[in-house]
Amino acid sequence: MVTSPAPALDFRTIDLRGGSFSLAELRAIVPRLEADQGSAVEDTVRGIIADVRSGGFAALSLLAEKFDGVVQRHPRVPAPAIADALASLDAGVRTALEESIRRARVFAEAQRPGDVTVRPGDGATVTQRWVPVRRVGLYVPGGLAVYPSSVVMNVVPAQAAGVGSIALASPPQKDNGGLPHPTILAAAALLGIDEVYAIGGAQAVISFAYGIPAREDAMGALPAIEPVDVVTGPGNIFVATAKRLVKGVVGIDAEAGPTEIAILADATARPELVAADLISQAEHDTRAGSVLVTDSPELVEAVREHLAAQVEGTKHRERVLAALSGRQSGAVLVDDVDAGIAVCDAYAAEHLEIMTAAPGAVAARIQNAGAIFVGAYSPVSLGDYSAGSNHVLPTSGTAVFSSGLNVTTFLKAVQVIDYSEGALAEVAGHIRSLADAEDLPAHGDAVDRRFR
């Protein structure tokens with residue numbers, strides 16, 4: 001039998017030494033996949049939206065059979081199944097999840113902003129009051145891997161914000177009786193979440209955004225899925241597209257793209273650790289980005305050697321090789337750490353590790369990153385599971401304007417204005433002047449009438 005040779009590692013190098021580059025040029029140069037235009041995906045998702053909104057539970061059943069290979073009457077996971085999943089959970093995994101929950105809760109509860117009241121004049125107060133949204137829908141993917149950690153990362157900040165109603169969806173698993181993966185269910189149980197649905201992909205987002213009305217079938221009542229105010233959670237391109245299309249109907253956290261890591265390192269970095277961390281991110285997806293930014297050509301060569309060796313021993317070798325050899329991955333050679341900082345700010349990585357001399361000082365200069373991991377003992381894997389930080393982070397360069405999932409994702413700021421008669425009188429003339437300047441005289445009239 002003739003076998004094809006195993007694919008070789010092709011971790012490319014982009015040499016920027018000796019050049020001067022604008023921000024726009026750096027953004028064009030750094031390794032990253034082209035944005036997926038996704039017209040076919042969008043058409044598919046629009047079709048799913050139409051089907052789910054018109055067909056309700058019948059449409060969800062058809063989609064579950066089509067995409068997940070399961071027969072489903074209603075997607076709600078029975079309470080005994082959630083309890084059984086927790087009872088059957090491996091003791092070590094349970095302990096690890098409980099510690100992850102504890103650390104995440106400590107950080108999340110400290111994030112909640114306080115209300116603020118100011119007095120711009122006598123008898124006048126303006127208050128900003130933080131109010132949790134009524135209900136949220138959290139999505140946990142179930143494709144190439146199982147993500148109980150994503151249950152923790154989505155649920156804990158919503159609970160810390162004070163959200164009163166939390167629902168969770170994850171794809172049905174054919175080999176688990178059409179229910180989500182048991183570890184997902186067990187994580188939900190540890191967090192006290194009992195409203196869990198076996199719904200995957202775009203249809204989960206759509207069900208949360210619009211709700212599914214109650215109905216009767218030959219076997220009895222099918223209880224409603226109530227619409228939510230905010231949908232969060234990572235997923236594939238269909239999930240991201242669905243979130244984009246329902247944004248405005250509900251709030252969303254972000255349209256997540258392929259995961260990515262950048263490592264800013266100098267000659268002091270340990271190449272075997274750099275390689276291990278690049279591989280750990282490439283393990284997620286063939287489209288994952290793994291980027292090294294350094295001023296040391298020797299480090300690049302050493303990392304490339306360690307990558308070649310470590311890839312051979314990793315479980316998901318083919319997936320990792322594809323990601324590391326893709327156009328979204330590679331090494332970027334720069335003149336010095338200052339130039340490396342500029343490259344990293346242009347790249348705006350989801351995860352940015354700093355492995356340099358004085359890494360804390362370098363990290364303090366970074367403006368654009370979803371999360372920054374400082375030094376050799378703060379790998380991205382720590383943030384994925386047990387740091388206490390949140391691993392739902394902005395991808396595809398969106399860290400230049402957006403934040404990772406946090407408590408404020410589930411809060412809205414309500415402004416409260418309370419002026420006495422005297423306080424309004426003090427600014428009535430100003431209001432009249434500005435209303436006339438904007439040719440909105442009725443605005444001024446509404447104030448003047450109070451003093452006639």
# chains A, B, ... in the order shown; residues from 1 in each chain; ligands from 1
$ select_by_dssp --residues "stretch 121-283 of chain A" --states "strand (DSSP E or B)" --output "MDAnalysis selection string"
chainID A and resid 121 124:132 135:139 165:170 173 179 196:198 212 215:217 220:222 225 230:232 247 250:252 260:265
$ write_last_selection --atoms "N, CA and C atoms" --output "tab-separated table (two decimals), in the first residue's frame"
chain	number	residue	atom	x	y	z
A	121	GLY	N	-25.97	71.33	40.32
A	121	GLY	CA	-26.50	72.62	40.81
A	121	GLY	C	-27.38	72.37	42.02
A	124	ALA	N	-30.44	69.83	42.08
A	124	ALA	CA	-30.32	69.05	40.85
A	124	ALA	C	-29.44	67.82	41.09
A	125	THR	N	-29.92	66.65	40.70
A	125	THR	CA	-29.10	65.44	40.76
A	125	THR	C	-29.21	64.67	39.45
A	126	VAL	N	-28.11	64.09	39.06
A	126	VAL	CA	-28.07	63.17	37.91
A	126	VAL	C	-27.38	61.90	38.39
A	127	THR	N	-28.06	60.78	38.20
A	127	THR	CA	-27.56	59.51	38.70
A	127	THR	C	-27.38	58.53	37.54
A	128	GLN	N	-26.33	57.77	37.59
A	128	GLN	CA	-26.20	56.62	36.70
A	128	GLN	C	-26.36	55.36	37.54
A	129	ARG	N	-27.39	54.58	37.21
A	129	ARG	CA	-27.72	53.38	37.97
A	129	ARG	C	-27.50	52.16	37.08
A	130	TRP	N	-26.75	51.18	37.57
A	130	TRP	CA	-26.47	49.97	36.81
A	130	TRP	C	-27.55	48.93	37.10
A	131	VAL	N	-28.19	48.44	36.04
A	131	VAL	CA	-29.32	47.52	36.16
A	131	VAL	C	-29.02	46.26	35.34
A	132	PRO	N	-29.17	45.07	35.93
A	132	PRO	CA	-28.96	43.86	35.13
A	132	PRO	C	-30.06	43.67	34.10
A	135	ARG	N	-32.99	38.81	31.25
A	135	ARG	CA	-32.79	37.39	30.93
A	135	ARG	C	-31.70	37.25	29.88
A	136	VAL	N	-30.86	36.22	30.02
A	136	VAL	CA	-29.78	36.01	29.05
A	136	VAL	C	-29.80	34.57	28.55
A	137	GLY	N	-29.33	34.40	27.32
A	137	GLY	CA	-29.15	33.08	26.72
A	137	GLY	C	-27.68	32.86	26.44
A	138	LEU	N	-27.15	31.81	26.97
A	138	LEU	CA	-25.72	31.53	26.87
A	138	LEU	C	-25.50	30.31	26.00
A	139	TYR	N	-24.59	30.43	25.03
A	139	TYR	CA	-24.32	29.32	24.11
A	139	TYR	C	-22.96	28.71	24.40
A	165	SER	N	-32.69	35.55	35.22
A	165	SER	CA	-33.09	34.38	34.43
A	165	SER	C	-31.97	34.05	33.45
A	166	ILE	N	-31.40	32.85	33.59
A	166	ILE	CA	-30.28	32.43	32.76
A	166	ILE	C	-30.62	31.10	32.11
A	167	ALA	N	-30.56	31.07	30.78
A	167	ALA	CA	-30.77	29.84	30.03
A	167	ALA	C	-29.50	29.49	29.26
A	168	LEU	N	-29.27	28.22	29.08
A	168	LEU	CA	-28.05	27.75	28.42
A	168	LEU	C	-28.41	26.78	27.31
A	169	ALA	N	-27.72	26.89	26.18
A	169	ALA	CA	-27.92	25.95	25.07
A	169	ALA	C	-26.59	25.37	24.64
A	170	SER	N	-26.61	24.08	24.28
A	170	SER	CA	-25.42	23.41	23.76
A	170	SER	C	-25.90	22.30	22.83
A	173	GLN	N	-25.99	15.67	21.52
A	173	GLN	CA	-24.98	14.68	21.17
A	173	GLN	C	-25.67	13.35	20.85
A	179	LEU	N	-28.88	14.54	24.22
A	179	LEU	CA	-28.64	15.61	25.18
A	179	LEU	C	-27.27	16.23	24.95
A	196	VAL	N	-31.67	24.32	30.60
A	196	VAL	CA	-30.67	23.94	29.62
A	196	VAL	C	-31.38	23.33	28.41
A	197	TYR	N	-30.94	23.72	27.22
A	197	TYR	CA	-31.55	23.25	25.99
A	197	TYR	C	-30.53	22.53	25.11
A	198	ALA	N	-30.96	21.44	24.50
A	198	ALA	CA	-30.13	20.71	23.55
A	198	ALA	C	-30.38	21.30	22.16
A	212	ILE	N	-39.49	30.83	21.38
A	212	ILE	CA	-40.31	29.83	20.70
A	212	ILE	C	-41.62	29.72	21.48
A	215	ARG	N	-46.77	25.31	22.45
A	215	ARG	CA	-47.76	24.70	21.56
A	215	ARG	C	-48.10	23.31	22.08
A	216	GLU	N	-49.10	22.73	21.50
A	216	GLU	CA	-49.51	21.37	21.82
A	216	GLU	C	-49.20	20.46	20.64
A	217	ASP	N	-48.81	19.23	20.94
A	217	ASP	CA	-48.75	18.23	19.89
A	217	ASP	C	-49.51	17.00	20.37
A	220	GLY	N	-48.92	16.12	23.97
A	220	GLY	CA	-49.17	17.06	25.05
A	220	GLY	C	-48.52	18.41	24.82
A	221	ALA	N	-48.30	19.13	25.93
A	221	ALA	CA	-47.83	20.51	25.87
A	221	ALA	C	-46.33	20.57	25.61
A	222	LEU	N	-45.94	21.57	24.81
A	222	LEU	CA	-44.52	21.89	24.59
A	222	LEU	C	-44.30	23.29	25.14
A	225	ILE	N	-39.98	28.61	24.95
A	225	ILE	CA	-38.66	29.18	25.27
A	225	ILE	C	-38.85	30.69	25.24
A	230	VAL	N	-30.02	39.33	26.05
A	230	VAL	CA	-28.62	39.28	25.63
A	230	VAL	C	-28.26	37.83	25.33
A	231	VAL	N	-27.52	37.61	24.23
A	231	VAL	CA	-26.97	36.30	23.89
A	231	VAL	C	-25.46	36.39	23.91
A	232	THR	N	-24.81	35.46	24.60
A	232	THR	CA	-23.35	35.44	24.62
A	232	THR	C	-22.85	34.02	24.38
A	247	LYS	N	-28.44	40.88	16.16
A	247	LYS	CA	-28.02	42.02	16.95
A	247	LYS	C	-28.97	43.20	16.68
A	250	VAL	N	-31.57	41.52	20.06
A	250	VAL	CA	-30.96	41.28	21.37
A	250	VAL	C	-29.56	41.88	21.38
A	251	GLY	N	-29.01	42.05	22.55
A	251	GLY	CA	-27.60	42.39	22.65
A	251	GLY	C	-26.75	41.14	22.50
A	252	ILE	N	-25.54	41.30	22.01
A	252	ILE	CA	-24.60	40.18	21.91
A	252	ILE	C	-23.27	40.60	22.51
A	260	GLU	N	-6.90	32.85	18.54
A	260	GLU	CA	-5.55	33.28	18.16
A	260	GLU	C	-4.70	33.57	19.40
A	261	ILE	N	-3.41	33.39	19.23
A	261	ILE	CA	-2.42	33.76	20.25
A	261	ILE	C	-1.29	34.51	19.56
A	262	ALA	N	-0.80	35.55	20.21
A	262	ALA	CA	0.46	36.19	19.82
A	262	ALA	C	1.39	36.11	21.03
A	263	ILE	N	2.65	35.88	20.76
A	263	ILE	CA	3.65	35.84	21.83
A	263	ILE	C	4.74	36.85	21.48
A	264	LEU	N	4.90	37.85	22.34
A	264	LEU	CA	5.98	38.82	22.20
A	264	LEU	C	7.14	38.34	23.06
A	265	ALA	N	8.25	37.99	22.42
A	265	ALA	CA	9.36	37.37	23.13
A	265	ALA	C	10.68	37.96	22.67
$ closest_atom_pairs --of "stretch 70-178 of chain A" --to "stretch 364-384 of chain A" --cutoff "12 Å" --atoms "only C-alpha atoms" --output "JSON lines"
{"residue": "A:Leu97", "atom": "CA", "partner": "A:Asp384", "partner_atom": "CA", "distance": 11.7}
{"residue": "A:Ser100", "atom": "CA", "partner": "A:Asp384", "partner_atom": "CA", "distance": 9.6}
{"residue": "A:Arg103", "atom": "CA", "partner": "A:Gly383", "partner_atom": "CA", "distance": 10.9}
{"residue": "A:Ala104", "atom": "CA", "partner": "A:Gly383", "partner_atom": "CA", "distance": 10.2}
{"residue": "A:Tyr147", "atom": "CA", "partner": "A:Asp384", "partner_atom": "CA", "distance": 10.1}
{"residue": "A:Pro148", "atom": "CA", "partner": "A:Asp384", "partner_atom": "CA", "distance": 10.8}
{"residue": "A:Ser149", "atom": "CA", "partner": "A:Asp384", "partner_atom": "CA", "distance": 7.3}
{"residue": "A:Ser150", "atom": "CA", "partner": "A:Asp384", "partner_atom": "CA", "distance": 8.7}
{"residue": "A:Val151", "atom": "CA", "partner": "A:Asp384", "partner_atom": "CA", "distance": 11.8}
{"residue": "A:Val152", "atom": "CA", "partner": "A:Asp384", "partner_atom": "CA", "distance": 10.5}
{"residue": "A:Met153", "atom": "CA", "partner": "A:Asp384", "partner_atom": "CA", "distance": 9.0}
$ residues_around --residues "stretch 437-445 of chain A" --least-positions-apart "6" --cutoff "9 Å" --atoms "only C-alpha atoms" --output "CSV table (one decimal) with C-alpha atoms, in the first residue's frame"
chain,number,residue,atom,x,y,z
A,428,ALA,CA,-34.2,77.4,31.5
A,429,GLY,CA,-32.6,80.3,29.6
A,431,ILE,CA,-32.3,75.4,27.2
$ residues_around --residues "A:Arg32" --least-positions-apart "6" --cutoff "12 Å" --atoms "only C-alpha atoms" --output "list in words"
Leu26, Gly257, Pro258, Thr259, Glu260, Ile261, Ala262, Arg287, Ala288, Gly289, Ser290, Val291, Ala323, Leu324, Ser325, Gly326, Arg327, Gln328, Ser329, Gly330, Ala331, Ala346, Tyr347, Ala348, Ala349, Thr395, Ser396 and Gly397 of chain A
$ atom_distance --atom1 "atom CA of A:Glu195" --atom2 "atom CA of A:Leu62"
21.7 Å
$ closest_residue --among "A:Arg73, A:Arg450, A:Arg244, A:His181" --to "A:Ile206" --atoms "only C-alpha atoms"
A:Arg244
$ residues_around --residues "A:Ala40" --least-positions-apart "4" --cutoff "12 Å" --atoms "only C-alpha atoms" --output "list in words"
Asp36, Thr44, Val45, Arg46, Gly47, Ile237, Phe238 and Thr241 of chain A
$ write_last_selection --atoms "all heavy atoms" --output "compact mmCIF listing (two decimals), in the first residue's frame"
# COMPACT_ATOMS: atom_id res chain seq x y z
N ASP A 36 -13.87 36.26 6.26
CA ASP A 36 -14.75 35.43 5.46
C ASP A 36 -15.97 36.25 5.04
O ASP A 36 -16.71 36.76 5.88
CB ASP A 36 -15.20 34.21 6.28
CG ASP A 36 -15.81 33.13 5.42
OD1 ASP A 36 -16.52 33.47 4.47
OD2 ASP A 36 -15.55 31.94 5.72
N THR A 44 -27.68 30.78 4.44
CA THR A 44 -28.10 29.61 5.22
C THR A 44 -28.72 30.02 6.54
O THR A 44 -29.78 29.52 6.95
CB THR A 44 -26.90 28.67 5.47
OG1 THR A 44 -26.40 28.20 4.22
CG2 THR A 44 -27.31 27.48 6.33
N VAL A 45 -28.06 30.95 7.23
CA VAL A 45 -28.55 31.38 8.54
C VAL A 45 -29.88 32.12 8.40
O VAL A 45 -30.79 31.94 9.23
CB VAL A 45 -27.50 32.24 9.26
CG1 VAL A 45 -28.07 32.81 10.56
CG2 VAL A 45 -26.26 31.40 9.56
N ARG A 46 -30.01 32.94 7.37
CA ARG A 46 -31.30 33.62 7.16
C ARG A 46 -32.41 32.60 6.94
O ARG A 46 -33.55 32.78 7.41
CB ARG A 46 -31.21 34.58 5.97
CG ARG A 46 -30.39 35.83 6.27
CD ARG A 46 -30.52 36.85 5.15
NE ARG A 46 -29.66 38.00 5.37
CZ ARG A 46 -29.96 39.02 6.17
NH1 ARG A 46 -31.11 39.03 6.84
NH2 ARG A 46 -29.12 40.02 6.30
N GLY A 47 -32.08 31.51 6.25
CA GLY A 47 -33.06 30.46 6.06
C GLY A 47 -33.45 29.80 7.38
O GLY A 47 -34.63 29.50 7.62
N ILE A 237 -18.74 29.73 12.57
CA ILE A 237 -19.13 30.85 11.71
C ILE A 237 -20.64 30.99 11.60
O ILE A 237 -21.17 32.09 11.45
CB ILE A 237 -18.48 30.71 10.32
CG1 ILE A 237 -18.69 32.00 9.51
CG2 ILE A 237 -19.02 29.49 9.57
CD1 ILE A 237 -17.89 32.04 8.22
N PHE A 238 -21.38 29.88 11.75
CA PHE A 238 -22.84 29.96 11.71
C PHE A 238 -23.38 30.63 12.95
O PHE A 238 -24.33 31.44 12.88
CB PHE A 238 -23.43 28.56 11.53
CG PHE A 238 -23.12 27.95 10.20
CD1 PHE A 238 -22.02 27.11 10.05
CD2 PHE A 238 -23.90 28.22 9.09
CE1 PHE A 238 -21.72 26.55 8.82
CE2 PHE A 238 -23.60 27.67 7.85
CZ PHE A 238 -22.51 26.84 7.71
N THR A 241 -22.49 34.35 12.66
CA THR A 241 -23.37 35.02 11.70
C THR A 241 -24.76 35.22 12.28
O THR A 241 -25.38 36.28 12.10
CB THR A 241 -23.44 34.20 10.39
OG1 THR A 241 -22.12 34.06 9.86
CG2 THR A 241 -24.33 34.89 9.37
$ select_by_dssp --residues "stretch 203-305 of chain A" --states "alpha helix (DSSP H)" --output "ChimeraX atom specification"
/A:203-210,237-246,271-282,297-305
$ write_last_selection --atoms "N, CA, C and O atoms" --output "compact mmCIF listing (two decimals), in the first residue's frame"
# COMPACT_ATOMS: atom_id res chain seq x y z
N GLN A 203 -29.42 27.95 15.23
CA GLN A 203 -30.78 27.82 15.73
C GLN A 203 -30.88 28.07 17.24
O GLN A 203 -31.94 28.51 17.73
N ALA A 204 -29.79 27.85 17.98
CA ALA A 204 -29.80 28.16 19.40
C ALA A 204 -29.87 29.68 19.61
O ALA A 204 -30.66 30.18 20.43
N VAL A 205 -29.04 30.41 18.87
CA VAL A 205 -29.05 31.87 18.97
C VAL A 205 -30.42 32.42 18.60
O VAL A 205 -30.97 33.31 19.25
N ILE A 206 -30.99 31.89 17.53
CA ILE A 206 -32.28 32.38 17.04
C ILE A 206 -33.39 32.08 18.03
O ILE A 206 -34.28 32.91 18.28
N SER A 207 -33.35 30.88 18.63
CA SER A 207 -34.37 30.52 19.62
C SER A 207 -34.34 31.46 20.81
O SER A 207 -35.38 31.86 21.34
N PHE A 208 -33.14 31.82 21.24
CA PHE A 208 -33.02 32.76 22.36
C PHE A 208 -33.45 34.17 21.96
O PHE A 208 -34.10 34.87 22.73
N ALA A 209 -33.09 34.59 20.77
CA ALA A 209 -33.37 35.96 20.36
C ALA A 209 -34.87 36.22 20.20
O ALA A 209 -35.40 37.25 20.65
N TYR A 210 -35.56 35.29 19.55
CA TYR A 210 -36.98 35.51 19.24
C TYR A 210 -37.93 34.75 20.15
O TYR A 210 -39.12 35.07 20.22
N ILE A 237 -18.74 29.73 12.57
CA ILE A 237 -19.13 30.85 11.71
C ILE A 237 -20.64 30.99 11.60
O ILE A 237 -21.17 32.09 11.45
N PHE A 238 -21.38 29.88 11.75
CA PHE A 238 -22.84 29.96 11.71
C PHE A 238 -23.38 30.63 12.95
O PHE A 238 -24.33 31.44 12.88
N VAL A 239 -22.79 30.32 14.10
CA VAL A 239 -23.18 30.98 15.35
C VAL A 239 -22.84 32.47 15.29
O VAL A 239 -23.67 33.32 15.64
N ALA A 240 -21.63 32.79 14.83
CA ALA A 240 -21.22 34.19 14.74
C ALA A 240 -22.13 34.97 13.79
O ALA A 240 -22.52 36.11 14.07
N THR A 241 -22.49 34.35 12.66
CA THR A 241 -23.37 35.02 11.70
C THR A 241 -24.76 35.22 12.28
O THR A 241 -25.38 36.28 12.10
N ALA A 242 -25.26 34.23 12.98
CA ALA A 242 -26.58 34.36 13.61
C ALA A 242 -26.58 35.50 14.62
O ALA A 242 -27.53 36.29 14.69
N LYS A 243 -25.50 35.61 15.40
CA LYS A 243 -25.42 36.69 16.39
C LYS A 243 -25.42 38.05 15.70
O LYS A 243 -26.07 39.00 16.15
N ARG A 244 -24.70 38.15 14.58
CA ARG A 244 -24.67 39.41 13.85
C ARG A 244 -26.06 39.76 13.31
O ARG A 244 -26.48 40.92 13.34
N LEU A 245 -26.79 38.76 12.82
CA LEU A 245 -28.09 39.02 12.21
C LEU A 245 -29.18 39.33 13.23
O LEU A 245 -30.17 39.98 12.88
N VAL A 246 -29.02 38.87 14.47
CA VAL A 246 -30.05 39.18 15.49
C VAL A 246 -29.64 40.36 16.38
O VAL A 246 -30.42 40.77 17.24
N PRO A 271 12.49 28.72 24.37
CA PRO A 271 11.84 28.35 23.11
C PRO A 271 10.88 27.18 23.24
O PRO A 271 9.88 27.12 22.52
N GLU A 272 11.17 26.24 24.15
CA GLU A 272 10.26 25.10 24.29
C GLU A 272 8.91 25.53 24.84
O GLU A 272 7.86 24.94 24.50
N LEU A 273 8.88 26.58 25.69
CA LEU A 273 7.61 27.08 26.22
C LEU A 273 6.86 27.87 25.16
O LEU A 273 5.63 27.76 25.05
N VAL A 274 7.59 28.66 24.39
CA VAL A 274 6.95 29.40 23.30
C VAL A 274 6.29 28.42 22.34
O VAL A 274 5.13 28.59 21.94
N ALA A 275 7.01 27.37 21.96
CA ALA A 275 6.46 26.38 21.04
C ALA A 275 5.23 25.70 21.63
O ALA A 275 4.22 25.51 20.95
N ALA A 276 5.31 25.32 22.89
CA ALA A 276 4.18 24.64 23.54
C ALA A 276 2.94 25.51 23.54
O ALA A 276 1.82 25.02 23.31
N ASP A 277 3.12 26.80 23.78
CA ASP A 277 1.96 27.70 23.85
C ASP A 277 1.38 27.97 22.46
O ASP A 277 0.16 28.09 22.30
N LEU A 278 2.22 28.06 21.45
CA LEU A 278 1.73 28.19 20.08
C LEU A 278 0.92 26.96 19.68
O LEU A 278 -0.15 27.08 19.05
N ILE A 279 1.40 25.79 20.05
CA ILE A 279 0.69 24.55 19.74
C ILE A 279 -0.64 24.48 20.48
O ILE A 279 -1.66 24.04 19.93
N SER A 280 -0.65 24.92 21.73
CA SER A 280 -1.88 24.82 22.53
C SER A 280 -3.03 25.59 21.89
O SER A 280 -4.19 25.19 21.98
N GLN A 281 -2.72 26.70 21.22
CA GLN A 281 -3.78 27.46 20.57
C GLN A 281 -4.14 26.83 19.23
O GLN A 281 -5.31 26.80 18.83
N ALA A 282 -3.13 26.34 18.50
CA ALA A 282 -3.38 25.69 17.22
C ALA A 282 -4.23 24.44 17.37
O ALA A 282 -4.88 24.00 16.42
N PRO A 297 16.38 36.35 15.85
CA PRO A 297 16.34 35.29 14.82
C PRO A 297 16.67 33.92 15.40
O PRO A 297 16.12 32.91 14.95
N GLU A 298 17.56 33.90 16.40
CA GLU A 298 17.94 32.63 17.02
C GLU A 298 16.74 31.98 17.72
O GLU A 298 16.56 30.76 17.69
N LEU A 299 15.90 32.83 18.35
CA LEU A 299 14.70 32.30 19.01
C LEU A 299 13.74 31.70 17.98
O LEU A 299 13.17 30.64 18.20
N VAL A 300 13.60 32.37 16.84
CA VAL A 300 12.71 31.85 15.80
C VAL A 300 13.14 30.45 15.38
O VAL A 300 12.32 29.53 15.29
N GLU A 301 14.45 30.28 15.14
CA GLU A 301 14.93 28.97 14.70
C GLU A 301 14.76 27.93 15.79
O GLU A 301 14.37 26.78 15.52
N ALA A 302 15.04 28.31 17.03
CA ALA A 302 14.88 27.35 18.13
C ALA A 302 13.41 26.98 18.32
O ALA A 302 13.08 25.80 18.55
N VAL A 303 12.51 27.95 18.21
CA VAL A 303 11.08 27.67 18.35
C VAL A 303 10.62 26.76 17.22
O VAL A 303 9.85 25.81 17.45
N ARG A 304 11.09 27.01 16.01
CA ARG A 304 10.69 26.17 14.89
C ARG A 304 11.14 24.72 15.13
O ARG A 304 10.38 23.78 14.84
N GLU A 305 12.32 24.53 15.67
CA GLU A 305 12.79 23.16 15.96
C GLU A 305 11.93 22.50 17.02
O GLU A 305 11.56 21.32 16.90
$ residues_around --residues "A:Gly235" --least-positions-apart "6" --cutoff "8 Å" --atoms "only C-alpha atoms" --output "PDB file with C-alpha atoms, in the first residue's frame"
ATOM      1  CA  TYR A 139     -24.324  29.325  24.108  1.00  0.00           C
ATOM      2  CA  VAL A 140     -21.678  26.647  24.674  1.00  0.00           C
ATOM      3  CA  PRO A 141     -20.293  24.993  21.517  1.00  0.00           C
ATOM      4  CA  GLY A 201     -25.527  26.314  16.110  1.00  0.00           C
ATOM      5  CA  ALA A 256     -16.235  35.445  17.542  1.00  0.00           C
TER       6      ALA A 256
END
$ closest_residue --among "A:Gly19, A:Pro227, A:Pro120, A:Pro171" --to "A:Phe67" --atoms "only C-alpha atoms"
A:Pro171
$ atom_distance --atom1 "atom CA of A:Pro394" --atom2 "atom CA of A:Gly162"
23.5 Å
